[in-house]
>>> print(open('data_28.pdb').read())   # PDB, C-alpha atoms
ATOM      1  CA  MET A  28      19.114  98.474 -98.164
ATOM      2  CA  VAL A  29      17.782  95.584 -96.069
ATOM      3  CA  ASN A  30      16.476  96.305 -92.585
ATOM      4  CA  ASN A  31      18.475  94.182 -90.112
ATOM      5  CA  SER A  32      15.674  94.205 -87.551
ATOM      6  CA  LEU A  33      13.332  92.537 -90.072
ATOM      7  CA  ILE A  34      15.929  89.869 -90.843
ATOM      8  CA  SER A  35      16.516  89.178 -87.164
ATOM      9  CA  ALA A  36      12.749  89.000 -86.564
ATOM     10  CA  GLU A  37      12.374  86.489 -89.397
ATOM     11  CA  VAL A  38      15.279  84.382 -88.110
ATOM     12  CA  LEU A  39      13.836  84.500 -84.601
ATOM     13  CA  SER A  40      10.461  83.435 -85.956
ATOM     14  CA  VAL A  41      12.017  80.424 -87.699
ATOM     15  CA  TYR A  42      13.876  79.376 -84.544
ATOM     16  CA  LEU A  43      10.774  79.769 -82.377
ATOM     17  CA  ASN A  44       8.735  77.677 -84.825
ATOM     18  CA  LEU A  45      11.396  74.952 -84.829
ATOM     19  CA  PHE A  46      11.581  74.932 -81.035
ATOM     20  CA  GLU A  47       7.794  74.769 -80.735
ATOM     21  CA  LEU A  48       7.758  71.912 -83.251
ATOM     22  CA  PHE A  49      10.398  70.061 -81.204
ATOM     23  CA  LEU A  50       8.386  70.447 -78.011
ATOM     24  CA  THR A  51       5.188  69.422 -79.792
ATOM     25  CA  THR A  52       6.813  66.189 -80.961
ATOM     26  CA  LYS A  53       7.516  65.429 -77.316
ATOM     27  CA  CYS A  54       3.735  65.368 -76.928
ATOM     28  CA  PHE A  55       3.768  61.931 -78.592
ATOM     29  CA  HIS A  56       5.928  60.555 -75.779
ATOM     30  CA  GLY A  57       3.761  62.183 -73.137
ATOM     31  CA  GLN A  58       0.642  60.671 -74.663
ATOM     32  CA  ASP A  59       2.105  57.167 -74.356
ATOM     33  CA  LEU A  60       3.130  57.879 -70.762
ATOM     34  CA  TYR A  61      -0.330  59.122 -69.769
ATOM     35  CA  ARG A  62      -2.047  56.218 -71.535
ATOM     36  CA  ASN A  63       0.184  53.671 -69.764
ATOM     37  CA  ILE A  64      -0.568  55.291 -66.397
ATOM     38  CA  LEU A  65      -4.317  55.243 -67.057
ATOM     39  CA  ARG A  66      -4.332  51.652 -68.218
ATOM     40  CA  SER A  67      -2.034  50.322 -65.488
ATOM     41  CA  ASP A  68      -4.257  51.237 -62.528
ATOM     42  CA  ASN A  69      -6.940  48.569 -62.303
ATOM     43  CA  SER A  70      -8.634  50.257 -59.336
ATOM     44  CA  LEU A  71     -10.004  52.932 -61.696
ATOM     45  CA  GLY A  72     -12.230  50.401 -63.410
ATOM     46  CA  GLN A  73     -13.016  49.930 -67.078
ATOM     47  CA  PHE A  74     -13.669  53.617 -67.790
ATOM     48  CA  PHE A  75      -9.957  54.261 -68.303
ATOM     49  CA  SER A  76      -9.414  51.629 -70.945
ATOM     50  CA  GLY A  77      -9.731  51.670 -74.703
ATOM     51  CA  PRO A  78     -10.985  54.842 -76.406
ATOM     52  CA  SER A  79     -11.518  56.819 -73.171
ATOM     53  CA  ALA A  80      -7.915  56.212 -72.068
ATOM     54  CA  ASN A  81      -6.680  57.229 -75.520
ATOM     55  CA  PHE A  82      -8.771  60.433 -75.483
ATOM     56  CA  ILE A  83      -7.765  61.426 -71.931
ATOM     57  CA  ALA A  84      -4.088  60.618 -72.548
ATOM     58  CA  GLY A  85      -4.054  62.652 -75.768
ATOM     59  CA  ALA A  86      -5.782  65.589 -74.099
ATOM     60  CA  ALA A  87      -3.414  65.485 -71.099
ATOM     61  CA  ALA A  88      -0.328  65.309 -73.324
ATOM     62  CA  GLY A  89      -1.576  68.206 -75.459
ATOM     63  CA  CYS A  90      -2.291  70.336 -72.399
ATOM     64  CA  THR A  91       1.109  69.549 -70.873
ATOM     65  CA  THR A  92       2.841  70.606 -74.078
ATOM     66  CA  LEU A  93       0.746  73.770 -74.349
ATOM     67  CA  ILE A  94       1.611  74.825 -70.791
ATOM     68  CA  ILE A  95       5.307  74.512 -71.623
ATOM     69  CA  ILE A  96       5.062  76.193 -75.039
ATOM     70  CA  TYR A  97       2.547  78.936 -74.195
ATOM     71  CA  PRO A  98       5.040  81.654 -73.122
ATOM     72  CA  LEU A  99       6.970  81.202 -76.373
ATOM     73  CA  ASP A 100       3.794  81.087 -78.422
ATOM     74  CA  ILE A 101       2.421  84.296 -76.928
ATOM     75  CA  ALA A 102       5.831  85.977 -77.305
ATOM     76  CA  HIS A 103       5.970  84.912 -80.931
ATOM     77  CA  THR A 104       2.498  86.302 -81.574
ATOM     78  CA  ARG A 105       3.148  89.600 -79.805
ATOM     79  CA  LEU A 106       6.514  90.114 -81.490
ATOM     80  CA  ALA A 107       4.990  89.440 -84.907
ATOM     81  CA  ALA A 108       2.326  92.075 -84.216
ATOM     82  CA  ASP A 109       4.891  94.592 -82.910
ATOM     83  CA  LEU A 110       5.494  96.423 -86.196
ATOM     84  CA  GLY A 111       7.415  99.545 -86.948
ATOM     85  CA  THR A 112      10.983 100.711 -86.878
ATOM     86  CA  THR A 113      13.386  99.373 -84.295
ATOM     87  CA  GLU A 114      12.991 102.484 -82.134
ATOM     88  CA  ALA A 115       9.165 102.370 -82.267
ATOM     89  CA  ARG A 116       8.806  98.733 -81.268
ATOM     90  CA  GLN A 117       7.495  97.943 -77.836
ATOM     91  CA  PHE A 118       9.633  94.813 -77.371
ATOM     92  CA  ARG A 119      13.227  94.106 -78.429
ATOM     93  CA  GLY A 120      12.978  90.318 -78.385
ATOM     94  CA  VAL A 121      11.552  87.275 -76.637
ATOM     95  CA  ARG A 122      13.525  87.791 -73.433
ATOM     96  CA  HIS A 123      12.600  91.479 -73.286
ATOM     97  CA  PHE A 124       8.937  90.655 -73.910
ATOM     98  CA  LEU A 125       8.827  87.972 -71.192
ATOM     99  CA  ASN A 126      10.690  90.160 -68.681
ATOM    100  CA  THR A 127       8.456  93.183 -69.410
ATOM    101  CA  ILE A 128       5.236  91.214 -68.978
ATOM    102  CA  ARG A 129       6.554  89.438 -65.863
ATOM    103  CA  GLU A 130       7.554  92.756 -64.266
ATOM    104  CA  LYS A 131       4.236  94.374 -65.167
ATOM    105  CA  ASP A 132       1.753  91.542 -64.463
ATOM    106  CA  GLY A 133       3.810  88.733 -62.933
ATOM    107  CA  VAL A 134       3.822  85.156 -64.201
ATOM    108  CA  ARG A 135       0.026  85.330 -64.403
ATOM    109  CA  GLY A 136       0.410  87.933 -67.169
ATOM    110  CA  ILE A 137       2.533  85.593 -69.265
ATOM    111  CA  TYR A 138      -0.101  82.859 -69.001
ATOM    112  CA  ARG A 139      -3.105  85.147 -69.567
ATOM    113  CA  GLY A 140      -5.308  83.486 -72.148
ATOM    114  CA  LEU A 141      -4.073  79.976 -71.374
ATOM    115  CA  PRO A 142      -7.444  78.611 -70.136
ATOM    116  CA  ALA A 143      -9.128  79.446 -73.442
ATOM    117  CA  SER A 144      -6.330  77.732 -75.340
ATOM    118  CA  LEU A 145      -6.550  74.689 -73.066
ATOM    119  CA  HIS A 146     -10.249  74.229 -73.906
ATOM    120  CA  GLY A 147      -9.430  73.874 -77.575
ATOM    121  CA  MET A 148      -6.395  71.711 -76.837
ATOM    122  CA  VAL A 149      -8.416  69.179 -74.826
ATOM    123  CA  VAL A 150     -10.811  68.651 -77.712
ATOM    124  CA  HIS A 151      -8.259  68.791 -80.529
ATOM    125  CA  ARG A 152      -5.482  66.633 -79.063
ATOM    126  CA  GLY A 153      -7.947  64.284 -77.398
ATOM    127  CA  LEU A 154      -9.634  63.578 -80.723
ATOM    128  CA  TYR A 155      -6.350  63.661 -82.626
ATOM    129  CA  PHE A 156      -4.370  61.194 -80.514
ATOM    130  CA  GLY A 157      -7.324  59.303 -79.100
ATOM    131  CA  GLY A 158      -8.966  58.835 -82.475
ATOM    132  CA  PHE A 159      -5.818  57.685 -84.215
ATOM    133  CA  ASP A 160      -4.791  55.273 -81.463
ATOM    134  CA  THR A 161      -8.288  53.844 -81.124
ATOM    135  CA  ILE A 162      -8.704  53.226 -84.853
ATOM    136  CA  LYS A 163      -5.159  51.866 -85.117
ATOM    137  CA  GLU A 164      -5.899  49.414 -82.270
ATOM    138  CA  MET A 165      -9.139  48.355 -83.972
ATOM    139  CA  MET A 166      -7.339  47.797 -87.274
ATOM    140  CA  SER A 167      -4.537  45.777 -85.690
ATOM    141  CA  GLU A 168      -7.041  43.521 -83.857
ATOM    142  CA  ASP A 169      -8.552  42.473 -87.183
ATOM    143  CA  SER A 170      -5.257  41.256 -88.617
ATOM    144  CA  ARG A 171      -2.205  39.652 -87.117
ATOM    145  CA  ARG A 172       0.118  41.419 -89.526
ATOM    146  CA  GLU A 173       1.326  44.985 -89.275
ATOM    147  CA  VAL A 174      -1.222  47.459 -90.675
ATOM    148  CA  ALA A 175      -0.167  48.720 -94.106
ATOM    149  CA  LEU A 176       1.389  52.165 -94.254
ATOM    150  CA  TRP A 177      -1.199  53.505 -96.691
ATOM    151  CA  LYS A 178      -4.033  52.438 -94.348
ATOM    152  CA  ARG A 179      -2.392  54.180 -91.391
ATOM    153  CA  TRP A 180      -1.872  57.268 -93.566
ATOM    154  CA  VAL A 181      -5.543  57.360 -94.604
ATOM    155  CA  VAL A 182      -6.617  56.986 -90.953
ATOM    156  CA  ALA A 183      -4.188  59.732 -89.898
ATOM    157  CA  GLN A 184      -5.559  62.113 -92.537
ATOM    158  CA  ALA A 185      -9.164  61.391 -91.582
ATOM    159  CA  VAL A 186      -8.487  61.794 -87.865
ATOM    160  CA  THR A 187      -6.470  64.991 -88.363
ATOM    161  CA  SER A 188      -9.182  66.537 -90.526
ATOM    162  CA  SER A 189     -11.967  65.492 -88.156
ATOM    163  CA  ALA A 190     -10.129  66.759 -85.064
ATOM    164  CA  GLY A 191      -9.444  70.080 -86.774
ATOM    165  CA  LEU A 192     -13.048  70.524 -87.912
ATOM    166  CA  LEU A 193     -14.557  69.563 -84.562
ATOM    167  CA  SER A 194     -12.210  71.726 -82.504
ATOM    168  CA  TYR A 195     -12.306  74.730 -84.846
ATOM    169  CA  PRO A 196     -15.120  76.578 -83.020
ATOM    170  CA  LEU A 197     -13.017  76.505 -79.837
ATOM    171  CA  ASP A 198      -9.917  77.801 -81.636
ATOM    172  CA  THR A 199     -11.287  81.045 -83.024
TER
END
>>> encode(input="data_28.pdb", output="structure tokens")
Amino acid sequence: MVNNSLISAEVLSVYLNLFELFLTTKCFHGQDLYRNILRSDNSLGQFFSGPSANFIAGAAAGCTTLIIIYPLDIAHTRLAADLGTTEARQFRGVRHFLNTIREKDGVRGIYRGLPASLHGMVVHRGLYFGGFDTIKEMMSEDSRREVALWKRWVVAQAVTSSAGLLSYPLDT
């Protein structure tokens, strides 16, 4: 016989992952918004142009997304670790988890651990978005044509790997 609570936990996990993925894709739009804001204000000087604007915009977009996603991410983690039979589990679902923590510790309890996650996010998303955009801009300056897909793919793989390796110590 199949345990219905395990099936519902697996389905919930899939939906939470899809929702987190959806919100993370919105990070791309936020990164463009932050970069345009940084580059549009000429009173800030040359510091907020080029690679520094790309890094700061990527870091800001990543942090914005993390602040929105964090309650779901922590709920997902805690629910996955809450093993046992249905009666022995501490939480009955995402809503029950969030309400229990909010009643016990307030909103601060839901966001406990966020500063440590933000440190890693600044480095990872800053290098990830900033590195890709900077290299893409450098490649497009060299040629008037659109950069070939395979070249953009190679750059994306290199930037993703580098950002992951450099931010790994902050993510453990």
>>> resolve_selection(input="data_28.pdb", expression="the PyMOL selection byres ((chain A and resi 59-64) around 12)", output="MDAnalysis selection string")
chainID A and resid 53:58 65:71 75:91 153 156:157 160:161
>>> closest_residue(input="data_28.pdb", among="A:Ala108, A:Ile101, A:Met165, A:Val174", to="Arg139 (chain A)", atoms="only C-alpha atoms")
A:Ile101
>>> resolve_selection(input="data_28.pdb", expression="the PyMOL selection byres ((chain A and resi 192-198) around 6)", output="list of chain:residue names")
A:Gly147, A:Val150, A:His151, A:Ser189, A:Ala190, A:Gly191, A:Thr199
>>> resolve_selection(input="data_28.pdb", expression="the PyMOL selection byres ((chain A and resi 123-130) around 10)", output="ChimeraX atom specification")
/A:98-99,101-103,105-106,117-122,131-138
>>> atom_distance(input="data_28.pdb", atom1="CA of Ala107 (chain A)", atom2="CA of Arg152 (chain A)")
25.8 Å
>>> atom_distance(input="data_28.pdb", atom1="CA of Leu145 (chain A)", atom2="CA of Val182 (chain A)")
25.2 Å
>>> atom_distance(input="data_28.pdb", atom1="CA of Tyr155 (chain A)", atom2="CA of Ile96 (chain A)")
18.6 Å
>>> closest_residue(input="data_28.pdb", among="A:Val41, A:Met148, A:Ala175, A:Ala183", to="Thr92 (chain A)", atoms="all atoms listed in the file")
A:Met148
>>> closest_residue(input="data_28.pdb", among="A:Ile162, A:Leu110, A:Val186, A:Leu141", to="Ile95 (chain A)", atoms="all atoms listed in the file")
A:Leu141
>>> axis_aligned_box(input="data_28.pdb", around="region 77-81 of chain A", padding_each_side="8 Å", output="lines of an AutoDock Vina configuration file")
center_x = -9.1
center_y = 54.4
center_z = -74.2
size_x = 20.8
size_y = 21.6
size_z = 20.3
